file work_22.cif (mmCIF, C-alpha atoms)
data_input
#
loop_
_atom_site.label_atom_id
_atom_site.label_comp_id
_atom_site.auth_asym_id
_atom_site.auth_seq_id
_atom_site.Cartn_x
_atom_site.Cartn_y
_atom_site.Cartn_z
CA MET P 1 124.72 81.54 97.43
CA ALA P 2 123.07 84.76 96.37
CA SER P 3 122.74 87.51 98.91
CA PRO P 4 119.34 87.61 100.63
CA LEU P 5 119.13 91.27 99.67
CA GLN P 6 119.64 90.62 95.98
CA GLN P 7 115.88 90.30 95.52
CA PHE P 8 115.47 94.00 96.26
CA GLU P 9 117.78 95.15 93.48
CA ILE P 10 116.20 97.35 90.89
CA HIS P 11 117.29 96.87 87.31
CA PRO P 12 115.94 98.46 84.17
CA ILE P 13 113.96 96.30 81.77
CA VAL P 14 113.20 98.85 79.06
CA PRO P 15 115.84 101.61 79.27
CA ILE P 16 114.34 105.02 78.51
CA HIS P 17 116.44 108.16 78.88
CA ILE P 18 114.81 111.49 78.12
CA GLY P 19 116.88 114.64 78.53
CA GLY P 20 119.28 113.06 80.99
CA ILE P 21 116.46 111.78 83.20
CA ASP P 22 116.28 108.05 83.73
CA LEU P 23 112.69 107.04 82.99
CA SER P 24 113.46 103.38 82.44
CA ILE P 25 110.80 100.81 83.05
CA THR P 26 112.31 98.83 85.91
CA ASN P 27 111.25 95.56 87.48
CA SER P 28 109.60 97.68 90.19
CA ALA P 29 107.54 99.61 87.64
CA LEU P 30 106.73 96.39 85.82
CA TRP P 31 105.30 94.80 88.95
CA MET P 32 103.35 97.93 89.81
CA GLY P 33 101.77 97.67 86.38
CA ILE P 34 101.09 93.97 86.87
CA SER P 35 99.43 94.55 90.23
CA VAL P 36 97.27 97.38 88.90
CA ALA P 37 96.24 95.18 85.98
CA THR P 38 95.51 92.24 88.29
CA ALA P 39 93.44 94.36 90.64
CA SER P 40 91.51 95.84 87.71
CA VAL P 41 90.81 92.42 86.23
CA PHE P 42 89.85 91.07 89.65
CA LEU P 43 87.28 93.83 90.20
CA ALA P 44 86.06 94.17 86.62
CA PHE P 45 85.35 90.44 86.29
CA GLY P 46 83.89 90.37 89.78
CA ALA P 47 81.42 93.08 88.77
CA ARG P 48 80.65 91.57 85.38
CA ARG P 49 77.88 89.17 86.31
CA ARG P 50 76.05 91.22 88.96
CA ALA P 51 74.22 88.12 90.13
CA LEU P 52 71.73 88.41 92.96
CA VAL P 53 73.26 85.27 94.43
CA PRO P 54 76.92 86.02 93.86
CA GLY P 55 79.50 83.52 92.80
CA ARG P 56 82.84 83.16 94.49
CA TRP P 57 84.55 85.80 92.42
CA GLN P 58 81.79 88.33 92.91
CA VAL P 59 81.76 87.66 96.64
CA MET P 60 85.48 88.40 96.83
CA ALA P 61 85.10 91.63 94.89
CA GLU P 62 82.12 92.68 97.01
CA MET P 63 83.94 91.78 100.20
CA SER P 64 86.91 93.95 99.37
CA TYR P 65 84.56 96.81 98.51
CA GLU P 66 82.54 96.44 101.70
CA PHE P 67 85.66 96.04 103.81
CA ILE P 68 86.94 99.47 102.81
CA ALA P 69 83.48 101.04 102.80
CA ASN P 70 82.89 99.89 106.38
CA MET P 71 86.35 100.96 107.46
CA LEU P 72 85.75 104.42 106.06
CA ARG P 73 82.30 104.70 107.65
CA ASP P 74 83.50 103.52 111.06
CA ASN P 75 86.58 105.71 111.18
CA VAL P 76 85.66 108.83 109.26
CA GLY P 77 81.89 108.84 109.10
CA ASP P 78 79.69 110.17 106.37
CA ALA P 79 82.10 112.93 105.39
CA GLY P 80 84.61 110.33 104.30
CA ARG P 81 82.45 108.94 101.54
CA ARG P 82 83.94 111.29 98.97
CA PHE P 83 87.37 109.84 99.61
CA PHE P 84 86.34 106.23 99.04
CA PRO P 85 87.86 105.92 95.55
CA TYR P 86 91.24 107.07 96.77
CA ILE P 87 91.28 104.92 99.89
CA PHE P 88 90.10 101.88 97.97
CA THR P 89 92.72 102.36 95.26
CA LEU P 90 95.40 102.77 97.89
CA PHE P 91 94.32 99.58 99.64
CA MET P 92 94.18 97.51 96.48
CA PHE P 93 97.53 98.83 95.24
CA ILE P 94 99.31 97.95 98.48
CA LEU P 95 97.48 94.67 98.96
CA PHE P 96 98.20 93.40 95.46
CA GLY P 97 101.78 94.61 95.68
CA ASN P 98 102.25 92.66 98.89
CA LEU P 99 100.48 89.55 97.64
CA LEU P 100 102.05 89.42 94.18
CA GLY P 101 105.42 89.97 95.82
CA LEU P 102 105.02 86.54 97.41
CA VAL P 103 104.99 84.86 94.00
CA PRO P 104 108.43 83.29 93.56
CA GLY P 105 110.57 85.44 91.30
CA ALA P 106 108.31 88.45 91.67
CA PHE P 107 109.48 91.85 92.81
CA THR P 108 107.89 93.37 95.93
CA TYR P 109 107.70 97.08 95.28
CA THR P 110 106.24 97.74 98.75
CA SER P 111 109.60 96.66 100.20
CA HIS P 112 111.16 99.89 98.94
CA ILE P 113 111.06 103.00 101.08
CA ALA P 114 110.93 105.10 97.91
CA VAL P 115 107.55 103.60 97.06
CA THR P 116 106.04 103.55 100.55
CA LEU P 117 107.29 107.03 101.38
CA ALA P 118 105.81 108.35 98.15
CA LEU P 119 102.46 106.78 99.05
CA ALA P 120 102.64 108.07 102.62
CA MET P 121 103.65 111.57 101.55
CA THR P 122 100.75 111.68 99.11
CA VAL P 123 98.40 110.73 101.92
CA PHE P 124 100.00 113.24 104.27
CA VAL P 125 99.89 116.16 101.83
CA ALA P 126 96.37 115.31 100.68
CA VAL P 127 95.06 115.02 104.24
CA THR P 128 96.71 118.31 105.25
CA ILE P 129 95.22 120.09 102.24
CA VAL P 130 91.80 118.63 103.01
CA GLY P 131 92.10 119.91 106.57
CA ILE P 132 93.16 123.38 105.51
CA VAL P 133 90.46 123.62 102.84
CA LYS P 134 87.81 122.49 105.30
CA HIS P 135 88.85 124.55 108.31
CA GLY P 136 91.02 127.34 106.93
CA LEU P 137 93.47 128.75 109.42
CA HIS P 138 91.49 127.12 112.19
CA PHE P 139 93.23 123.91 111.11
CA PHE P 140 96.41 125.03 112.85
CA THR P 141 94.72 124.87 116.26
CA PHE P 142 95.28 121.18 115.71
CA PHE P 143 98.82 121.70 116.96
CA VAL P 144 97.73 123.46 120.16
CA PRO P 145 97.08 120.87 122.84
CA SER P 146 94.30 121.73 125.23
CA GLY P 147 94.65 121.70 128.98
CA VAL P 148 98.30 122.72 128.81
CA PRO P 149 99.55 125.79 130.75
CA ALA P 150 100.47 128.77 128.56
CA LEU P 151 104.03 128.56 129.85
CA MET P 152 104.43 125.14 128.26
CA MET P 153 103.10 126.19 124.86
CA PRO P 154 106.46 127.14 123.27
CA LEU P 155 107.59 123.61 124.08
CA MET P 156 104.43 121.71 123.30
CA ILE P 157 103.60 123.24 119.93
CA PRO P 158 106.92 122.27 118.27
CA ILE P 159 106.59 118.80 119.76
CA GLU P 160 103.07 118.51 118.38
CA ILE P 161 104.25 119.65 114.97
CA ILE P 162 107.11 117.15 114.95
CA SER P 163 104.69 114.46 116.05
CA TYR P 164 102.41 115.41 113.16
CA LEU P 165 105.31 115.43 110.69
CA SER P 166 106.40 112.01 111.88
CA ARG P 167 103.16 110.47 110.63
CA PRO P 168 104.22 109.84 107.04
CA VAL P 169 107.60 108.59 108.25
CA SER P 170 106.14 106.01 110.61
CA LEU P 171 103.48 105.10 108.05
CA SER P 172 106.05 104.37 105.35
CA ILE P 173 108.64 102.73 107.62
CA ARG P 174 106.06 100.34 109.01
CA LEU P 175 105.04 99.02 105.61
CA PHE P 176 108.50 98.92 104.05
CA ALA P 177 110.22 97.40 107.10
CA ASN P 178 107.64 94.67 107.46
CA MET P 179 107.81 93.68 103.82
CA MET P 180 111.57 93.84 103.60
CA ALA P 181 112.16 91.97 106.86
CA GLY P 182 109.75 89.20 105.87
CA HIS P 183 111.20 88.69 102.42
CA THR P 184 114.78 88.79 103.70
CA MET P 185 113.95 86.23 106.35
CA MET P 186 112.46 83.89 103.77
CA LYS P 187 115.54 84.22 101.59
CA VAL P 188 117.87 83.59 104.52
CA PHE P 189 116.11 80.37 105.42
CA ALA P 190 115.93 79.33 101.78
CA GLY P 191 119.67 79.89 101.58
CA PHE P 192 120.21 77.21 104.23
CA VAL P 193 118.37 74.52 102.30
CA VAL P 194 121.08 73.44 99.87
CA PRO P 195 124.16 73.71 102.16
CA LEU P 196 122.45 71.89 105.02
CA GLY P 197 120.98 69.31 102.68
CA ALA P 198 124.33 68.66 101.03
CA ALA P 199 126.02 68.16 104.39
CA THR P 200 123.44 65.70 105.74
CA PHE P 201 122.35 63.75 102.65
CA GLY P 202 119.25 65.86 102.18
CA ILE P 203 117.70 65.37 105.59
CA GLY P 204 118.91 68.61 107.14
CA GLY P 205 117.45 70.60 104.27
CA LEU P 206 113.93 69.74 105.37
CA ALA P 207 114.02 71.96 108.46
CA PRO P 208 114.59 75.27 106.63
CA ILE P 209 112.03 74.22 104.01
CA ALA P 210 109.47 73.67 106.76
CA MET P 211 110.39 77.05 108.20
CA ASP P 212 109.89 78.69 104.83
CA VAL P 213 106.48 77.07 104.43
CA ALA P 214 105.45 78.49 107.79
CA LEU P 215 106.92 81.87 106.88
CA THR P 216 104.99 81.93 103.62
CA GLY P 217 101.75 81.59 105.54
CA PHE P 218 102.88 84.25 107.96
CA GLU P 219 103.86 86.59 105.12
CA LEU P 220 100.41 86.14 103.61
CA LEU P 221 98.96 87.39 106.89
CA VAL P 222 101.42 90.28 106.99
CA ALA P 223 100.57 91.21 103.40
CA PHE P 224 96.91 91.68 104.34
CA LEU P 225 97.69 93.19 107.69
CA GLN P 226 100.04 95.86 106.44
CA ALA P 227 97.68 96.88 103.65
CA TYR P 228 94.96 97.11 106.28
CA VAL P 229 97.10 99.10 108.72
CA PHE P 230 98.20 101.57 106.05
CA THR P 231 94.61 102.13 104.97
CA VAL P 232 93.12 102.38 108.45
CA LEU P 233 95.77 104.91 109.44
CA THR P 234 94.95 106.93 106.35
CA CYS P 235 91.31 106.86 107.42
CA LEU P 236 92.19 108.03 110.93
CA TYR P 237 94.36 110.85 109.64
CA LEU P 238 91.53 111.85 107.33
CA ASN P 239 89.17 111.80 110.30
CA ASP P 240 91.52 114.06 112.25
CA ALA P 241 91.74 116.52 109.37
CA LEU P 242 87.99 116.57 108.76
CA HIS P 243 86.89 116.80 112.38
CA LEU P 244 89.97 118.23 114.10
CA HIS P 245 90.02 115.58 116.86
CA MET R 1 67.21 59.52 107.39
CA GLY R 2 69.36 62.47 106.53
CA GLU R 3 66.19 64.53 106.06
CA ASP R 4 65.07 63.88 109.65
CA ASN R 5 68.37 64.83 111.13
CA ARG R 6 68.70 68.13 109.40
CA PRO R 7 66.48 70.51 111.41
CA PRO R 8 67.84 69.57 114.85
CA SER R 9 71.41 69.71 113.61
CA LEU R 10 70.82 73.19 112.18
CA ASP R 11 69.36 74.32 115.50
CA ASP R 12 72.31 72.84 117.25
CA LEU R 13 74.64 74.68 114.91
CA GLY R 14 72.76 77.92 115.57
CA ASN R 15 73.11 77.46 119.30
CA ARG R 16 76.76 76.72 119.04
CA LEU R 17 77.30 79.75 116.84
CA ARG R 18 75.49 81.96 119.31
CA ALA R 19 77.47 80.58 122.23
CA ALA R 20 80.73 81.11 120.38
CA ARG R 21 79.75 84.64 119.44
CA GLU R 22 78.80 85.52 123.03
CA HIS R 23 82.00 84.02 124.28
CA ARG R 24 84.02 86.03 121.82
CA GLU R 25 82.15 89.24 122.62
CA ALA R 26 82.77 88.75 126.32
CA ASP R 27 86.38 88.03 125.52
CA SER R 28 86.86 91.15 123.46
CA GLN R 29 85.11 93.26 126.08
CA HIS R 30 87.39 91.88 128.69
CA LYS R 31 90.36 92.74 126.54
CA GLY R 32 88.98 96.20 125.89
CA THR R 33 88.86 97.04 129.57
CA LEU R 34 92.54 96.39 130.04
CA SER R 35 94.14 99.78 130.25
CA SER R 36 97.74 98.67 129.96
CA GLY R 37 98.67 98.01 126.37
CA PRO R 38 96.33 97.62 123.46
CA PRO R 39 94.04 94.61 123.22
CA GLY R 40 95.46 91.34 122.02
CA MET R 41 98.83 92.70 121.04
CA SER R 42 101.72 90.31 121.04
CA GLY R 43 104.92 91.38 122.75
CA LEU R 44 106.92 91.53 119.54
CA GLY R 45 104.24 93.43 117.67
CA TRP R 46 104.04 95.93 120.49
CA ALA R 47 107.81 96.37 120.48
CA VAL R 48 107.93 96.96 116.73
CA ARG R 49 105.07 99.42 116.96
CA VAL R 50 106.69 101.45 119.72
CA GLY R 51 110.05 101.31 117.97
CA VAL R 52 108.66 102.66 114.72
CA GLU R 53 106.82 105.46 116.53
CA MET R 54 109.95 106.52 118.38
CA VAL R 55 112.35 106.27 115.47
CA SER R 56 110.12 108.18 113.08
CA ALA R 57 109.72 111.13 115.45
CA LEU R 58 113.48 111.20 116.02
CA ILE R 59 114.15 111.08 112.27
CA VAL R 60 111.91 114.09 111.75
CA GLY R 61 113.40 115.98 114.70
CA VAL R 62 117.01 115.39 113.65
CA GLY R 63 116.16 116.05 110.01
CA VAL R 64 114.55 119.40 110.81
CA GLY R 65 117.48 120.31 113.05
CA LEU R 66 120.12 119.46 110.46
CA GLY R 67 118.15 121.25 107.77
CA LEU R 68 117.85 124.45 109.78
CA ASP R 69 121.55 124.30 110.70
CA TRP R 70 122.52 123.84 107.08
CA TRP R 71 120.26 126.70 106.01
CA LEU R 72 121.14 129.23 108.73
CA ASP R 73 124.73 128.04 109.20
CA THR R 74 124.42 127.65 112.97
CA LYS R 75 126.12 124.32 113.09
CA PRO R 76 125.19 122.35 116.19
CA TRP R 77 122.48 124.43 117.86
CA PHE R 78 119.30 123.63 115.97
CA LEU R 79 120.32 119.99 115.85
CA VAL R 80 120.60 119.90 119.65
CA VAL R 81 117.29 121.68 120.17
CA PHE R 82 115.37 119.63 117.62
CA PHE R 83 116.92 116.38 118.76
CA LEU R 84 115.47 117.07 122.19
CA LEU R 85 112.12 118.16 120.73
CA GLY R 86 112.13 115.04 118.56
CA SER R 87 112.73 112.93 121.65
CA GLY R 88 109.76 114.65 123.23
CA ALA R 89 107.63 113.92 120.20
CA ALA R 90 108.81 110.32 120.29
CA MET R 91 107.68 110.02 123.90
CA LEU R 92 104.40 111.66 122.99
CA ASN R 93 103.85 109.18 120.17
CA VAL R 94 104.64 106.25 122.44
CA TRP R 95 102.41 107.63 125.17
CA ARG R 96 99.54 107.96 122.72
CA ALA R 97 100.10 104.45 121.46
CA ALA R 98 100.27 103.10 125.00
CA MET R 99 97.18 104.95 126.17
CA GLY R 100 95.25 103.50 123.28
CA TYR R 101 94.71 106.74 121.40
CA GLY R 102 96.90 104.50 119.41
CA LEU R 103 96.35 104.87 115.76
CA ALA R 104 94.36 108.07 116.13
CA VAL R 105 97.24 110.43 116.70
CA GLY R 106 95.11 113.41 117.73
CA TYR R 107 95.22 114.69 121.27
CA PRO R 108 92.25 113.80 123.46
CA LYS R 109 90.63 117.12 124.21
CA GLN R 110 89.57 117.59 127.79
CA GLY R 111 87.20 120.29 128.92
CA ASP R 112 86.56 121.44 125.39
CA SER R 113 83.19 121.84 123.79
CA GLU R 114 81.10 118.74 123.93
CA ASP R 115 81.25 118.21 120.22
CA GLU R 116 85.00 118.01 120.21
CA GLN R 117 84.97 115.83 123.28
CA GLU R 118 82.76 113.44 121.44
CA LYS R 119 85.00 113.48 118.43
CA ALA R 120 88.00 112.75 120.61
CA THR R 121 86.37 109.75 122.19
CA HIS R 122 85.15 108.66 118.79
CA GLY R 123 88.68 108.81 117.50
CA LYS R 124 89.87 106.92 120.52
CA VAL R 125 87.34 104.18 120.05
CA ALA R 126 88.20 103.98 116.41
CA GLY R 127 91.85 103.81 117.30
CA THR R 128 91.72 101.10 119.89
CA SER R 129 89.08 98.76 118.62
CA GLY R 130 89.38 100.24 115.14
CA GLY R 131 86.89 98.71 112.78
CA ALA R 132 86.44 95.80 115.12
CA ASP R 133 82.70 95.94 114.51
CA SER R 134 83.19 95.60 110.81
CA ASN R 135 85.35 92.52 110.73
CA GLY R 136 85.63 90.99 114.12
CA ASN R 137 89.19 90.81 115.29
CA SER R 138 90.77 93.47 113.16
CA ALA R 139 92.18 95.11 116.26
CA ASP R 140 94.06 91.94 117.01
CA LYS R 141 95.20 91.65 113.44
CA GLU R 142 96.53 95.14 113.19
CA SER R 143 98.31 94.91 116.47
CA GLU R 144 100.12 91.77 115.40
CA ARG R 145 102.94 93.90 114.04
#

call {"tool": "encode", "arguments": {"input": "work_22.cif", "output": "structure tokens"}}
result
Amino acid sequence: MASPLQQFEIHPIVPIHIGGIDLSITNSALWMGISVATASVFLAFGARRRALVPGRWQVMAEMSYEFIANMLRDNVGDAGRRFFPYIFTLFMFILFGNLLGLVPGAFTYTSHIAVTLALAMTVFVAVTIVGIVKHGLHFFTFFVPSGVPALMMPLMIPIEIISYLSRPVSLSIRLFANMMAGHTMMKVFAGFVVPLGAATFGIGGLAPIAMDVALTGFELLVAFLQAYVFTVLTCLYLNDALHLH
Amino acid sequence: MGEDNRPPSLDDLGNRLRAAREHREADSQHKGTLSSGPPGMSGLGWAVRVGVEMVSALIVGVGVGLGLDWWLDTKPWFLVVFFLLGSGAAMLNVWRAAMGYGLAVGYPKQGDSEDEQEKATHGKVAGTSGGADSNGNSADKESER
């Protein structure tokens, strides 16, 4: 039986080495490309007809657009409109990565901390720069909690800063841990199918299969949910940076 | 025959929809007033949420401490200090999550200018029932894990 963690192994598909740097196209990079292409096709074909009474495809494309547009308006307000392309791209990239990862044999790039941390750090750095550009040095009052005695300040300000720095960490861990745990669990149950079935003339294998069917549905929910959580947190961080509380 | 039945059945459907919507609104309002724990969060989801918040603050605290020690060659001292500060930040994160400032990490400003007060409550609302207006039970969904 293969290890349940074997699915997370990265192996090069097209080896490229330039100046001692490994730039190989791996299965991770391949599936990132596939998900970007799928999302592009999904939206481009959804926008092709522009019917007044939309078909199913157009409705799905419009729904995903409106979902993010509403999220941004509710959480950030009018000032967030400029950031819509980024937020929408982020959402679609994570969502399609999660969903395509559920295809048997596919690679789930969102189950790697390297990918999620890179996404989270981009969000973190971008949001901090937006805050500093908007507010200048006034941005750093963000770390000074109000209603705290002056004596406590030397303690509270480092704690606030650490709390702020922990944002990208918790953002990336949440996504990566959820995806990895779910996929490992599915593999573990799938690993029971053949041994149990062989021992009980095929009957015992049905239980883990049923479990995997249920888990697949659950993972579908998690795929949407984690893309949503990542995006809504990005919106809230953006709101903090733009409005300073 | 089918033609005659249609208008009343549509009305009936409308009534049922309205009743269901009112019921759900009342339900969500009831949930919203609960101060302990976020609305509609399952026990496991809540545990994972709190765990991630705590661990991430500790990772940052210990990381900063080790980094400063390595840089300034003061072996255990910065690690000790920043471990404790990281624990404090972890508690702060958990407290914010528990109080329902939840996803909006910012501190709720008290006794500040009214504008900022408003922003704080806005952030709080967005954090707890975040986007609930836009797609119904998103708060429940996000709190699942």

call {"tool": "closest_atom_pairs", "arguments": {"input": "work_22.cif", "of": "chain P", "to": "chain R", "cutoff": "7 Å", "atoms": "all atoms listed in the file", "output": "Markdown table"}}
result
| residue | atom | partner | partner_atom | distance |
| --- | --- | --- | --- | --- |
| P:Asn70 | CA | R:Ser134 | CA | 6.2 |
| P:Met71 | CA | R:Gly131 | CA | 5.8 |
| P:Asp74 | CA | R:Gly131 | CA | 6.1 |
| P:Asn75 | CA | R:Ala126 | CA | 5.7 |
| P:Pro145 | CA | R:Tyr107 | CA | 6.6 |
| P:Ser146 | CA | R:Lys109 | CA | 6.0 |
| P:Gly147 | CA | R:Gln110 | CA | 6.6 |
| P:Ile159 | CA | R:Ala89 | CA | 5.0 |
| P:Glu160 | CA | R:Ala89 | CA | 6.7 |
| P:Ile162 | CA | R:Ala89 | CA | 6.2 |
| P:Ser163 | CA | R:Ala89 | CA | 5.1 |
| P:Leu165 | CA | R:Val60 | CA | 6.8 |
| P:Ser166 | CA | R:Ala57 | CA | 5.0 |
| P:Val169 | CA | R:Ser56 | CA | 5.5 |
| P:Ser170 | CA | R:Ser56 | CA | 5.2 |
| P:Arg174 | CA | R:Val52 | CA | 6.7 |
| P:Leu225 | CA | R:Glu142 | CA | 5.9 |
| P:Val229 | CA | R:Glu142 | CA | 6.0 |
| P:Leu233 | CA | R:Leu103 | CA | 6.3 |
| P:Leu236 | CA | R:Ala104 | CA | 5.6 |
| P:Asp240 | CA | R:Gly106 | CA | 6.6 |
| P:His245 | CA | R:Ala120 | CA | 5.1 |

call {"tool": "atom_distance", "arguments": {"input": "work_22.cif", "atom1": "CA of Leu155 (chain P)", "atom2": "CA of Ala97 (chain R)"}}
result
20.7 Å

call {"tool": "residues_around", "arguments": {"input": "work_22.cif", "residues": "region 122-131 of chain P", "least_positions_apart": "3", "cutoff": "9 Å", "atoms": "only C-alpha atoms", "output": "PyMOL selection string"}}
result
chain P and resi 117-119+134-136+139+165+167-168+234+237-238+240-244

call {"tool": "atom_distance", "arguments": {"input": "work_22.cif", "atom1": "CA of Tyr109 (chain P)", "atom2": "CA of Ser28 (chain P)"}}
result
5.5 Å

call {"tool": "closest_residue", "arguments": {"input": "work_22.cif", "among": "P:Ile21, P:Ala29, P:Met180, P:Ala44", "to": "Gln6 (chain P)", "atoms": "only C-alpha atoms"}}
result
P:Met180

call {"tool": "atom_distance", "arguments": {"input": "work_22.cif", "atom1": "CA of Phe107 (chain P)", "atom2": "CA of Ser35 (chain P)"}}
result
10.7 Å

call {"tool": "closest_residue", "arguments": {"input": "work_22.cif", "among": "P:Leu72, P:Ala207, P:Met92, P:Leu151", "to": "Ser40 (chain P)", "atoms": "only C-alpha atoms"}}
result
P:Met92

call {"tool": "resolve_selection", "arguments": {"input": "work_22.cif", "expression": "the PyMOL selection byres ((chain P and resi 64) around 12)", "output": "NGL selection string"}}
result
(:P and (39 or 42-43 or 46-47 or 57-63 or 65-71 or 87-89 or 91-92 or 95-96 or 224 or 227-228)) or (:R and (135))

call {"tool": "resolve_selection", "arguments": {"input": "work_22.cif", "expression": "the PyMOL selection byres ((chain P and resi 212-216) around 8)", "output": "list in words"}}
result
Leu102, Gly182, Met186, Phe189, Ala190, Pro208, Ile209, Ala210, Met211, Gly217, Phe218, Glu219 and Leu220 of chain P
